[in-house]
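Just below is one structure, and these are the notes that go with it.
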Amino acid sequence: MAEDRRVLTGEHFLNGDHACAEGAMAAGCKFFGGYPITPSSEIAERMSERLPEVGGIYLQMEDELASMNAILGAAWGGWKSMTCTSGPGFSLMMENLGLGVVLETPCVLVNIQRGGPSTGLPTLVGQADMMQARWGSHGDYEIIALAPNSPQEMFDLTYKAFDLSERYRVPTLVMSDECVGHMSEKVVIPPAGKMPEVQRKYTTKKPGEYLPFDHPAGGVAPMVKAGDGYNIHVTGLTHDERGYPVINAEAQDVMVRHLIDKINKNRDDIIDVEEIDVEGADVIIVSYGISSRTCYRALDMAKEEGLKVGMFRLVTVWPFPEEQVRELAKRVKAFVVVELNFGQIYYEVERCACGNAATYLVPHAGGDIHDPADILAALKEAAK
Amino acid sequence: MEFWRKPLDADQVKVPHGQIYVIKERCKGCSFCVEYCPRDVLEMSEEFNKKGYHPPVAVRQEDCVACGLCELICPEFAIHVELIKEEEEATQKPEV
Amino acid sequence: MPAATPKRDEVRFTGFGGQGMAVLGYILGRAAAVYDGKNATMTQSYGPEARGGASSSQVIICDGPVYYPYVIVPNVMVAMSQEGYTKFRENLTDDGKMLVDEDLVSLAPDEDLDRVYRIPATRFAEELGRKIVANIVMLGFLSALTDFVSDEAIRKAIADSVPRGTVDLNMKAYEKGRAHGQQVAGDRSTKAEA
Amino acid sequence: MTTPGEVTTAEPMAPEQHPMSRFLREDRMPHIWCSSCGLGTTLTCFIMAVVESGIDPKDMAVISGIGCTGRVAGYLNFDSFHTTHGRAIPFATGLALANPDLRVVVYSGDGDLVAIGGNHFIHAARRNMDILCVCVNNFTYGMTGGQAGPTTPITAKATTAPYGSYEYPFNIPYLAVASGANYVARWTALHMRRLKNSFREAINKKGFRVIEIISPCPTAFARKNRLGTGLDVLKYYHANSIIQHGADPKDADIEMGGKIIVGKFLDVDRPCYRDYVTESISRQLGGK
């Protein structure tokens, strides 16, 4: 057999968008349906070149509504699939992100965030879609979102997003940003043998016994694909374990609880954070994505000034690491939240701090990253 | 007065017969089958089903030629017709 | 994070869209990260216009991890446009080097001439047949003047980054710039000794 | 059956065992469609065409959007997908590409396919995606009470067009042909055998195939426009349909009280999307 073209191996100097595409390929992504939008288009470009090399298909859809649906269709056809977008496209994908959630369809959606609202700053950085990632589609659900802060993490976390989406049968978001997407750094990729393709779990039950939307305690049912002979029915309506629509409050309760429980009861497995000098810190910076890169520098500056400062970086943003923040709040004076918006994750931190620690925000409207001096000033204020 | 031309081999052609089945509870009384049956086999019955519709009834079952049109036009999957096999139809075939 | 501050070099490239400022940053970063085993971060300013507008890229080369991804105070600045020179010239380390295209940039009256290197990059490139390789001439000059990245690493990065069929031309441009850089550096040190 | 006066010549089979049963989700019957709605008729024709085509239903997938016709996916005992409003075609596109062995059928309504999903319709046709697209056109949004839609004829009344529609409606065959489909036909719900044959023919073709079926909506469209029952509408079709194979689809506009041109407008074999992908990739990448 020829070399495994799925995995680009070795050390490369890649921008975040390209690294993301390579992470998807390594995970075994076979279908990309997308619509070009700055600053995510480099992902689409890379996928259009790479997917045909592994027998996959890149299809440029007519819009983001179609893109999101096409990757759901491809997933039920048996392929791992992905799309990518930015602000306006992310808004257009929201309706059918909800379809993916309710159909419990594994797939990956990458948002290279730019400044908004509306067309906003197409070529400049933003981080103001974080709450949309959590609550963007109508209805009640839980979702998984990861926030890479380097091209290496664009590779690693895209791969991981595929893994999580398969394990929990949920569309998984990679909430990156323009700066990380367009930044080039060294990306180290292990050989194909050490990077197995993410596997989908298929049922071993016979047709007639299999329930596509079963909810074993805290888990998910294995899948089938169209054409396997199971005559599955899949609907965006509230449905029972068979997938048949049931339009009443009881069925709604069972289904929505399942959508929430399968994520919430597995938080320990899903959540990943980076902690720096958290022990003994008076003040803790909470940040994610590109903003966390600025915080590293602010952390150095604060230490030079003798402040006892630590950092809590969200690698997984959703589900939010509530327990960890609650525990930290009991031990520290304050949290300083650094993000390119006027308070999104900030409110989550404040909520989980439960008044045990003060919560400060270093807001920024986007278009550029923070000035480390502004973060330092907030740290000083918080340490008082 | 209508004139029908009778085919010369009419006596040799076996006219098929059909058995009509109505799933009464599914019927919603649209009367498509009654209207479009080419042999006027069906009529709407007087009886009501549980939903309050009058299902059709085969009043001239012997005229049914199993063309299947009622089955095809019924929007409710409530009527179907089975072709009666020749051997079943024939009385006592002599043993050879 | 390591306790000791690792050696961190910062370079800013600035010019017009179409001069290949992003390519320059990419080649330098790739050379450092992939072929010299260091860490490098390349970012670029990025606007809606594909050609003619202001364009710049930045590279940080570091022995340890690069945390803050943007240039703070560059050690070297390469200016291939007047606008870029004027906009960024104040921001350079005390011993920083300012490389300008001598035909495209007029120096400010108060410019510290000791830090400035005036290079006929575009003219050299035209002599080689393609104006488009002026950026690579600059890279050659930069390579002669600094030790951020090895000569060998840059050559490999050029060969891997430029379109196939243009490797020879780019290599010639690089060598031309580098030879010029070595000569100028030699002249300056002789002058300093004298 | 024990209906009085019935002549029986054989023991009746279990009367609830309709021959369509194995293709239907019997546990979901009766369906939600109104009395004298044409949708069930079109579905019977479709199932019969599948049977006649000899294709194993396991190799078919049916995708619907939202609305009355959108319920088709829920009643057919095939792999079936009931998606969001207007998005059946892109969902089907992904499915068809991921599993090329599937025969992918989109079965939805006029509002779903050419209003909210209109963009997907024309682009799937442009790409000649390997999808059979069945559009049941009843000129209205029936499920939600009879609002005006993209095919509502001029002057026809709807709950959101109380003075009669002012808008030119889409002529679906013309739209499909212009957009690049491989096969385009129109029938009414009364043309059962021709519709069935058309289904059978289209199922066995490649590329984007469009079958429009004009179908009565007795509860919303017919009532609002005083057209009588579903049966009256079928009679109207009977009196006013003109079968004209190969007609120029631009002449096939539908007007209130006018003739309905039906038939097969187009049947070509332009290479479909996957043919181009396969050809292009093998040319560019060789044996990779």
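Ordering of the structure tokens sets the chain letters (A, B, ...), residue numbers begin anew at 1 in every chain, and ligands are numbered from 1 in the order given.
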Give me the region 33-75 of chain B side of the contact with region 191-194 of chain D, cut-off 9 Å, one line per residue showing its nearest atom pair and distance in Å at one decimal, counting only C-alpha atoms, sorted by chain and residue number, as a Markdown table.
| residue | atom | partner | partner_atom | distance |
| --- | --- | --- | --- | --- |
| B:Leu69 | CA | D:Met192 | CA | 8.2 |
| B:Leu72 | CA | D:Met192 | CA | 6.7 |
| B:Ile73 | CA | D:Met192 | CA | 6.8 |
With a distance cut-off of 9 Å and only C-alpha atoms, select the neighbouring residues of Val50 (chain D), excluding the residue or stretch itself and same-chain residues fewer than 3 positions from it, and output the selection as a PDB file with N, CA, C and O atoms, in the first residue's frame.
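To be explicit, this is the file written out as part.pdb:
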ATOM      1  N   CYS D  45     -47.270   5.853  -6.187  1.00  0.00           N
ATOM      2  CA  CYS D  45     -46.638   5.765  -7.515  1.00  0.00           C
ATOM      3  C   CYS D  45     -45.132   5.599  -7.374  1.00  0.00           C
ATOM      4  O   CYS D  45     -44.503   4.820  -8.100  1.00  0.00           O
ATOM      5  N   PHE D  46     -44.572   6.323  -6.411  1.00  0.00           N
ATOM      6  CA  PHE D  46     -43.134   6.255  -6.202  1.00  0.00           C
ATOM      7  C   PHE D  46     -42.716   4.851  -5.757  1.00  0.00           C
ATOM      8  O   PHE D  46     -41.792   4.248  -6.295  1.00  0.00           O
ATOM      9  N   ILE D  47     -43.456   4.330  -4.780  1.00  0.00           N
ATOM     10  CA  ILE D  47     -43.099   3.003  -4.261  1.00  0.00           C
ATOM     11  C   ILE D  47     -43.225   1.955  -5.357  1.00  0.00           C
ATOM     12  O   ILE D  47     -42.362   1.096  -5.525  1.00  0.00           O
ATOM     13  N   SER D  53     -38.518  -0.997 -10.612  1.00  0.00           N
ATOM     14  CA  SER D  53     -37.143  -0.733 -11.052  1.00  0.00           C
ATOM     15  C   SER D  53     -36.195  -1.846 -10.613  1.00  0.00           C
ATOM     16  O   SER D  53     -35.088  -1.955 -11.108  1.00  0.00           O
ATOM     17  N   GLY D  54     -36.642  -2.669  -9.667  1.00  0.00           N
ATOM     18  CA  GLY D  54     -35.806  -3.774  -9.232  1.00  0.00           C
ATOM     19  C   GLY D  54     -34.704  -3.374  -8.270  1.00  0.00           C
ATOM     20  O   GLY D  54     -33.843  -4.176  -7.928  1.00  0.00           O
ATOM     21  N   ILE D  55     -34.726  -2.123  -7.848  1.00  0.00           N
ATOM     22  CA  ILE D  55     -33.681  -1.671  -6.933  1.00  0.00           C
ATOM     23  C   ILE D  55     -34.038  -2.080  -5.506  1.00  0.00           C
ATOM     24  O   ILE D  55     -35.196  -1.958  -5.089  1.00  0.00           O
ATOM     25  N   ASP D  56     -33.040  -2.576  -4.791  1.00  0.00           N
ATOM     26  CA  ASP D  56     -33.250  -2.924  -3.398  1.00  0.00           C
ATOM     27  C   ASP D  56     -33.474  -1.635  -2.606  1.00  0.00           C
ATOM     28  O   ASP D  56     -32.610  -0.748  -2.620  1.00  0.00           O
ATOM     29  N   PRO D  57     -34.599  -1.530  -1.905  1.00  0.00           N
ATOM     30  CA  PRO D  57     -34.863  -0.289  -1.160  1.00  0.00           C
ATOM     31  C   PRO D  57     -33.764   0.049  -0.154  1.00  0.00           C
ATOM     32  O   PRO D  57     -33.589   1.201   0.219  1.00  0.00           O
ATOM     33  N   LYS D 196     -45.694   7.131 -12.443  1.00  0.00           N
ATOM     34  CA  LYS D 196     -44.941   5.962 -11.986  1.00  0.00           C
ATOM     35  C   LYS D 196     -43.847   5.616 -12.998  1.00  0.00           C
ATOM     36  O   LYS D 196     -42.701   5.373 -12.635  1.00  0.00           O
ATOM     37  N   PHE D 199     -41.104   8.110 -12.706  1.00  0.00           N
ATOM     38  CA  PHE D 199     -40.276   7.800 -11.537  1.00  0.00           C
ATOM     39  C   PHE D 199     -39.287   6.684 -11.883  1.00  0.00           C
ATOM     40  O   PHE D 199     -38.101   6.768 -11.578  1.00  0.00           O
ATOM     41  N   ARG D 200     -39.821   5.630 -12.479  1.00  0.00           N
ATOM     42  CA  ARG D 200     -38.992   4.459 -12.767  1.00  0.00           C
ATOM     43  C   ARG D 200     -37.849   4.847 -13.698  1.00  0.00           C
ATOM     44  O   ARG D 200     -36.709   4.464 -13.507  1.00  0.00           O
ATOM     45  N   ILE D 203     -35.380   7.133 -11.724  1.00  0.00           N
ATOM     46  CA  ILE D 203     -34.613   6.422 -10.697  1.00  0.00           C
ATOM     47  C   ILE D 203     -33.377   5.794 -11.317  1.00  0.00           C
ATOM     48  O   ILE D 203     -32.314   5.742 -10.715  1.00  0.00           O
TER      49      ILE D 203
END
Interface residues on chain D facing chain A, 6 Å, only C-alpha atoms, written as a VMD selection string:
chain D and resid 58 to 59 77 to 83 90 to 95 98 to 99
Please dump the current selection as a short mmCIF file (atom, residue, chain, number, x, y, z; two decimals), in the first residue's frame; keep N, CA, C and O atoms.
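What follows is the written file part09.cif:
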data_model
loop_
_atom_site.label_atom_id
_atom_site.label_comp_id
_atom_site.auth_asym_id
_atom_site.auth_seq_id
_atom_site.Cartn_x
_atom_site.Cartn_y
_atom_site.Cartn_z
N LYS D 58 -33.02 -0.94 0.24
CA LYS D 58 -31.89 -0.70 1.15
C LYS D 58 -30.85 0.21 0.51
O LYS D 58 -30.09 0.89 1.21
N ASP D 59 -30.83 0.23 -0.81
CA ASP D 59 -29.87 1.09 -1.51
C ASP D 59 -30.43 2.47 -1.82
O ASP D 59 -29.85 3.21 -2.60
N ASN D 77 -40.35 3.42 4.59
CA ASN D 77 -39.47 2.57 5.39
C ASN D 77 -38.15 2.33 4.65
O ASN D 77 -37.74 1.21 4.41
N PHE D 78 -37.53 3.44 4.27
CA PHE D 78 -36.20 3.42 3.68
C PHE D 78 -35.32 4.16 4.68
O PHE D 78 -35.81 4.72 5.64
N ASP D 79 -34.01 4.18 4.44
CA ASP D 79 -33.20 5.13 5.20
C ASP D 79 -33.74 6.50 4.83
O ASP D 79 -33.75 6.89 3.66
N SER D 80 -34.21 7.23 5.84
CA SER D 80 -34.92 8.47 5.50
C SER D 80 -34.55 9.58 6.46
O SER D 80 -34.34 9.35 7.65
N PHE D 81 -34.46 10.77 5.91
CA PHE D 81 -33.95 11.91 6.66
C PHE D 81 -34.90 13.10 6.52
O PHE D 81 -35.17 13.55 5.41
N HIS D 82 -35.38 13.55 7.64
CA HIS D 82 -36.30 14.69 7.68
C HIS D 82 -35.48 15.86 8.20
O HIS D 82 -35.17 15.93 9.38
N THR D 83 -35.08 16.76 7.31
CA THR D 83 -34.09 17.78 7.68
C THR D 83 -34.78 19.10 8.02
O THR D 83 -35.95 19.10 8.39
N PRO D 90 -29.01 20.12 0.04
CA PRO D 90 -27.60 20.04 0.48
C PRO D 90 -27.32 18.84 1.39
O PRO D 90 -26.24 18.26 1.31
N PHE D 91 -28.29 18.46 2.21
CA PHE D 91 -28.10 17.25 3.03
C PHE D 91 -27.91 16.04 2.11
O PHE D 91 -27.00 15.24 2.28
N ALA D 92 -28.78 15.97 1.12
CA ALA D 92 -28.70 14.86 0.16
C ALA D 92 -27.40 14.88 -0.61
O ALA D 92 -26.84 13.83 -0.95
N THR D 93 -26.91 16.08 -0.88
CA THR D 93 -25.65 16.21 -1.61
C THR D 93 -24.51 15.55 -0.83
O THR D 93 -23.73 14.76 -1.37
N GLY D 94 -24.43 15.86 0.45
CA GLY D 94 -23.39 15.26 1.28
C GLY D 94 -23.54 13.75 1.35
O GLY D 94 -22.57 13.00 1.22
N LEU D 95 -24.78 13.32 1.50
CA LEU D 95 -25.06 11.88 1.60
C LEU D 95 -24.67 11.16 0.31
O LEU D 95 -24.02 10.12 0.33
N ALA D 98 -20.88 10.94 -0.05
CA ALA D 98 -20.21 10.03 0.89
C ALA D 98 -20.48 8.58 0.54
O ALA D 98 -19.64 7.72 0.77
N ASN D 99 -21.65 8.30 0.01
CA ASN D 99 -21.98 6.92 -0.34
C ASN D 99 -22.51 6.83 -1.76
O ASN D 99 -23.71 6.91 -2.00
#
Contact set, chain A to chain C: 7 Å, only C-alpha atoms, as a ChimeraX atom specification:
/A:11-13,123,182-186,293-294,296-297
Deliver the residues from the most recent selection as a file, using all heavy atoms, as a compact mmCIF listing (two decimals), in the first residue's frame.
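Printed below is result.txt as written:
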# COMPACT_ATOMS: atom_id res chain seq x y z
N GLU A 11 8.13 18.03 10.43
CA GLU A 11 8.07 19.41 10.91
C GLU A 11 7.77 20.35 9.76
O GLU A 11 8.41 20.28 8.72
CB GLU A 11 9.41 19.80 11.55
CG GLU A 11 9.69 19.04 12.83
CD GLU A 11 10.91 19.56 13.56
OE1 GLU A 11 11.53 20.54 13.08
OE2 GLU A 11 11.24 18.98 14.61
N HIS A 12 6.81 21.19 9.96
CA HIS A 12 6.41 22.11 8.89
C HIS A 12 6.22 23.51 9.47
O HIS A 12 5.98 23.66 10.66
CB HIS A 12 5.11 21.64 8.25
CG HIS A 12 5.23 20.30 7.61
ND1 HIS A 12 5.60 20.14 6.31
CD2 HIS A 12 5.11 19.06 8.14
CE1 HIS A 12 5.67 18.85 6.04
NE2 HIS A 12 5.39 18.17 7.13
N PHE A 13 6.35 24.47 8.60
CA PHE A 13 6.05 25.85 8.98
C PHE A 13 4.71 26.18 8.33
O PHE A 13 4.64 26.43 7.13
CB PHE A 13 7.17 26.75 8.47
CG PHE A 13 7.16 28.13 9.09
CD1 PHE A 13 7.33 28.30 10.45
CD2 PHE A 13 7.01 29.27 8.30
CE1 PHE A 13 7.34 29.57 11.03
CE2 PHE A 13 7.02 30.53 8.86
CZ PHE A 13 7.19 30.69 10.23
N THR A 123 -10.83 41.14 7.81
CA THR A 123 -9.44 40.68 7.79
C THR A 123 -8.78 40.77 9.15
O THR A 123 -7.58 40.52 9.26
CB THR A 123 -8.63 41.49 6.78
OG1 THR A 123 -8.70 42.88 7.17
CG2 THR A 123 -9.16 41.35 5.38
N HIS A 182 -4.00 32.86 10.70
CA HIS A 182 -3.04 33.39 9.72
C HIS A 182 -1.61 33.40 10.22
O HIS A 182 -0.71 33.84 9.51
CB HIS A 182 -3.45 34.80 9.30
CG HIS A 182 -4.58 34.80 8.32
ND1 HIS A 182 -5.40 35.89 8.12
CD2 HIS A 182 -5.02 33.86 7.48
CE1 HIS A 182 -6.30 35.58 7.20
NE2 HIS A 182 -6.09 34.36 6.80
N MET A 183 -1.40 32.96 11.44
CA MET A 183 -0.06 32.95 12.00
C MET A 183 0.66 31.68 11.54
O MET A 183 0.07 30.60 11.53
CB MET A 183 -0.22 32.96 13.52
CG MET A 183 1.01 32.68 14.31
SD MET A 183 0.51 32.26 16.00
CE MET A 183 -0.23 33.79 16.51
N SER A 184 1.92 31.82 11.14
CA SER A 184 2.68 30.63 10.76
C SER A 184 3.68 30.29 11.85
O SER A 184 4.40 31.17 12.33
CB SER A 184 3.44 30.87 9.46
OG SER A 184 2.54 31.07 8.41
N GLU A 185 3.68 29.02 12.22
CA GLU A 185 4.65 28.54 13.19
C GLU A 185 4.99 27.10 12.86
O GLU A 185 4.37 26.49 11.99
CB GLU A 185 4.07 28.61 14.62
CG GLU A 185 4.00 30.02 15.17
CD GLU A 185 3.54 30.10 16.62
OE1 GLU A 185 2.87 29.17 17.08
OE2 GLU A 185 3.87 31.10 17.27
N LYS A 186 5.95 26.60 13.62
CA LYS A 186 6.32 25.20 13.41
C LYS A 186 5.19 24.30 13.89
O LYS A 186 4.64 24.48 14.97
CB LYS A 186 7.60 24.89 14.18
CG LYS A 186 8.02 23.44 14.06
CD LYS A 186 9.49 23.19 14.29
CE LYS A 186 9.98 23.69 15.64
NZ LYS A 186 11.43 23.50 15.79
N ARG A 293 -2.13 34.23 24.27
CA ARG A 293 -0.74 34.46 23.89
C ARG A 293 -0.25 35.80 24.44
O ARG A 293 0.91 35.94 24.83
CB ARG A 293 -0.58 34.42 22.36
CG ARG A 293 -0.91 33.07 21.72
CD ARG A 293 0.18 32.06 21.88
NE ARG A 293 1.40 32.41 21.18
CZ ARG A 293 1.77 31.88 20.01
NH1 ARG A 293 1.03 30.97 19.42
NH2 ARG A 293 2.91 32.24 19.45
N THR A 294 -1.11 36.78 24.44
CA THR A 294 -0.75 38.07 25.02
C THR A 294 -0.61 37.94 26.54
O THR A 294 0.24 38.58 27.15
CB THR A 294 -1.83 39.11 24.71
OG1 THR A 294 -2.24 38.96 23.36
CG2 THR A 294 -1.32 40.52 24.92
N TYR A 296 0.44 35.46 28.22
CA TYR A 296 1.74 34.89 28.62
C TYR A 296 2.73 36.03 28.90
O TYR A 296 3.49 36.00 29.85
CB TYR A 296 2.32 34.01 27.51
CG TYR A 296 1.60 32.71 27.24
CD1 TYR A 296 1.28 32.33 25.94
CD2 TYR A 296 1.28 31.82 28.27
CE1 TYR A 296 0.65 31.13 25.67
CE2 TYR A 296 0.64 30.62 28.00
CZ TYR A 296 0.33 30.27 26.70
OH TYR A 296 -0.29 29.08 26.43
N ARG A 297 2.70 37.02 28.02
CA ARG A 297 3.64 38.13 28.18
C ARG A 297 3.27 38.99 29.40
O ARG A 297 4.15 39.36 30.18
CB ARG A 297 3.65 38.99 26.92
CG ARG A 297 4.54 40.19 27.03
CD ARG A 297 4.87 40.83 25.70
NE ARG A 297 5.49 42.13 25.91
CZ ARG A 297 6.74 42.30 26.32
NH1 ARG A 297 7.52 41.26 26.56
NH2 ARG A 297 7.22 43.52 26.51
Region 11-51 of chain D: residues DSSP assigns to alpha helix (DSSP H), reported as number ranges by chain:
D: 39-51
Selection to disk with N, CA and C atoms, as a PDB file, in the first residue's frame:
ATOM      1  N   LEU D  39     -50.872  13.818  -1.996  1.00  0.00           N
ATOM      2  CA  LEU D  39     -49.533  13.365  -1.631  1.00  0.00           C
ATOM      3  C   LEU D  39     -49.407  11.847  -1.537  1.00  0.00           C
ATOM      4  N   GLY D  40     -50.418  11.222  -0.900  1.00  0.00           N
ATOM      5  CA  GLY D  40     -50.346   9.774  -0.746  1.00  0.00           C
ATOM      6  C   GLY D  40     -50.324   9.072  -2.086  1.00  0.00           C
ATOM      7  N   THR D  41     -51.071   9.609  -3.046  1.00  0.00           N
ATOM      8  CA  THR D  41     -51.100   9.020  -4.379  1.00  0.00           C
ATOM      9  C   THR D  41     -49.705   9.073  -5.018  1.00  0.00           C
ATOM     10  N   THR D  42     -49.059  10.212  -4.875  1.00  0.00           N
ATOM     11  CA  THR D  42     -47.725  10.323  -5.478  1.00  0.00           C
ATOM     12  C   THR D  42     -46.775   9.330  -4.819  1.00  0.00           C
ATOM     13  N   LEU D  43     -46.962   9.100  -3.522  1.00  0.00           N
ATOM     14  CA  LEU D  43     -46.073   8.197  -2.803  1.00  0.00           C
ATOM     15  C   LEU D  43     -46.290   6.749  -3.253  1.00  0.00           C
ATOM     16  N   THR D  44     -47.543   6.382  -3.468  1.00  0.00           N
ATOM     17  CA  THR D  44     -47.823   5.042  -3.989  1.00  0.00           C
ATOM     18  C   THR D  44     -47.143   4.852  -5.344  1.00  0.00           C
ATOM     19  N   CYS D  45     -47.270   5.853  -6.187  1.00  0.00           N
ATOM     20  CA  CYS D  45     -46.638   5.765  -7.515  1.00  0.00           C
ATOM     21  C   CYS D  45     -45.132   5.599  -7.374  1.00  0.00           C
ATOM     22  N   PHE D  46     -44.572   6.323  -6.411  1.00  0.00           N
ATOM     23  CA  PHE D  46     -43.134   6.255  -6.202  1.00  0.00           C
ATOM     24  C   PHE D  46     -42.716   4.851  -5.757  1.00  0.00           C
ATOM     25  N   ILE D  47     -43.456   4.330  -4.780  1.00  0.00           N
ATOM     26  CA  ILE D  47     -43.099   3.003  -4.261  1.00  0.00           C
ATOM     27  C   ILE D  47     -43.225   1.955  -5.357  1.00  0.00           C
ATOM     28  N   MET D  48     -44.301   2.053  -6.136  1.00  0.00           N
ATOM     29  CA  MET D  48     -44.483   1.071  -7.211  1.00  0.00           C
ATOM     30  C   MET D  48     -43.341   1.170  -8.219  1.00  0.00           C
ATOM     31  N   ALA D  49     -42.908   2.382  -8.472  1.00  0.00           N
ATOM     32  CA  ALA D  49     -41.800   2.572  -9.409  1.00  0.00           C
ATOM     33  C   ALA D  49     -40.519   1.942  -8.849  1.00  0.00           C
ATOM     34  N   VAL D  50     -40.304   2.089  -7.547  1.00  0.00           N
ATOM     35  CA  VAL D  50     -39.123   1.469  -6.930  1.00  0.00           C
ATOM     36  C   VAL D  50     -39.204  -0.043  -7.096  1.00  0.00           C
ATOM     37  N   VAL D  51     -40.402  -0.600  -6.840  1.00  0.00           N
ATOM     38  CA  VAL D  51     -40.572  -2.051  -6.974  1.00  0.00           C
ATOM     39  C   VAL D  51     -40.269  -2.485  -8.404  1.00  0.00           C
TER      40      VAL D  51
END
Please report, as a list in words, each residue of region 176-288 of chain A to which DSSP assigns strand (DSSP E) when run on this structure's backbone.
Ser176, Asp177, Ser184, Glu185, Lys186, Val187, Val188, Ile189, His233, Val234, Thr235, Val273, Glu274, Glu275, Ile276, Val283, Ile284, Ile285, Val286 and Ser287 of chain A
Which polymer residues have any atom within 9 Å of an atom of Asp9 (chain C), counting only C-alpha atoms, with same-chain residues fewer than 2 positions away left out, as a PyMOL selection string?
chain C and resi 7+11+59-62+71+74-76+148
I need the residue nearest Phe265 (chain D) from this list: D:Phe208, D:Tyr166, D:Tyr174, D:Tyr236. Use only C-alpha atoms for the distance.
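Of all the options, D:Tyr174 lies closest to Phe265 (chain D).
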Among listed residues A:Asp17, A:Asp374, A:Glu348, A:Glu279, nearest Leu328 (chain A) (using only C-alpha atoms):
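Of the candidates, the smallest distance to Leu328 (chain A) is held by A:Glu279.
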Leu227 (chain D): which residues within 10 Å, counting only C-alpha atoms, same-chain residues fewer than 2 positions away excluded, as a ChimeraX atom specification?
/D:216-218,221-225,229-233,236,257
Which residues come within 12 Å of Gly18 (chain C), counting only C-alpha atoms, excluding same-chain residues fewer than 2 positions away, as a list in words?
Thr14, Gly15, Phe16, Gly20, Met21, Ala22, Val23, Leu24, Glu49, Ala50, Arg51, Gly52, Gly53, Ala54, Ser55, Ser56, Met80, Ser81, Lys131, Ile132, Val133, Ala134 and Asn135 of chain C
Kindly assemble as CSV a list of the chain B residues that lie within 7 Å of chain D, each paired with its nearest atom pair and their distance in Å to one decimal, using only C-alpha atoms, sorted first by chain and then by ascending residue number.
residue,atom,partner,partner_atom,distance
B:Tyr21,CA,D:Pro15,CA,6.0
B:Val22,CA,D:Pro15,CA,6.8
B:Ile23,CA,D:Glu16,CA,5.7
B:Arg26,CA,D:Pro30,CA,6.1
B:Lys28,CA,D:Ser35,CA,5.1
B:Gly29,CA,D:Ser35,CA,6.7
B:Cys30,CA,D:Ser36,CA,4.6
B:Phe32,CA,D:Leu231,CA,6.3
B:Val57,CA,D:Thr3,CA,7.0
B:Ala58,CA,D:Glu6,CA,6.5
B:Val59,CA,D:Glu6,CA,6.4
B:Gln61,CA,D:Val7,CA,6.0
B:Glu62,CA,D:Val7,CA,6.6
B:Leu72,CA,D:Thr44,CA,6.0
B:Ile73,CA,D:Thr41,CA,5.1
B:Cys74,CA,D:Thr41,CA,5.7
B:Pro75,CA,D:Gly40,CA,3.7
B:Glu76,CA,D:Gly40,CA,5.8
B:Phe77,CA,D:His18,CA,6.8
B:His80,CA,D:His18,CA,6.4
B:Glu89,CA,D:Thr9,CA,6.9
Between CA of Phe170 (chain D) and CA of Leu266 (chain D), what is the spacing in Å?
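Distance between the two atoms: 17.5 Å.
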Can you pull out every residue within 9 Å of Leu42 (chain B), counting only C-alpha atoms, but drop anything in the same chain fewer than 2 positions away, and send it as a list in words?
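Residues near the query, excluding close chain neighbours: Cys33, Val34, Glu35, Cys37, Arg39, Asp40, Met44, Ser45, Pro56, Val57, Ala58, Val59, Arg60 and Gln61 of chain B.
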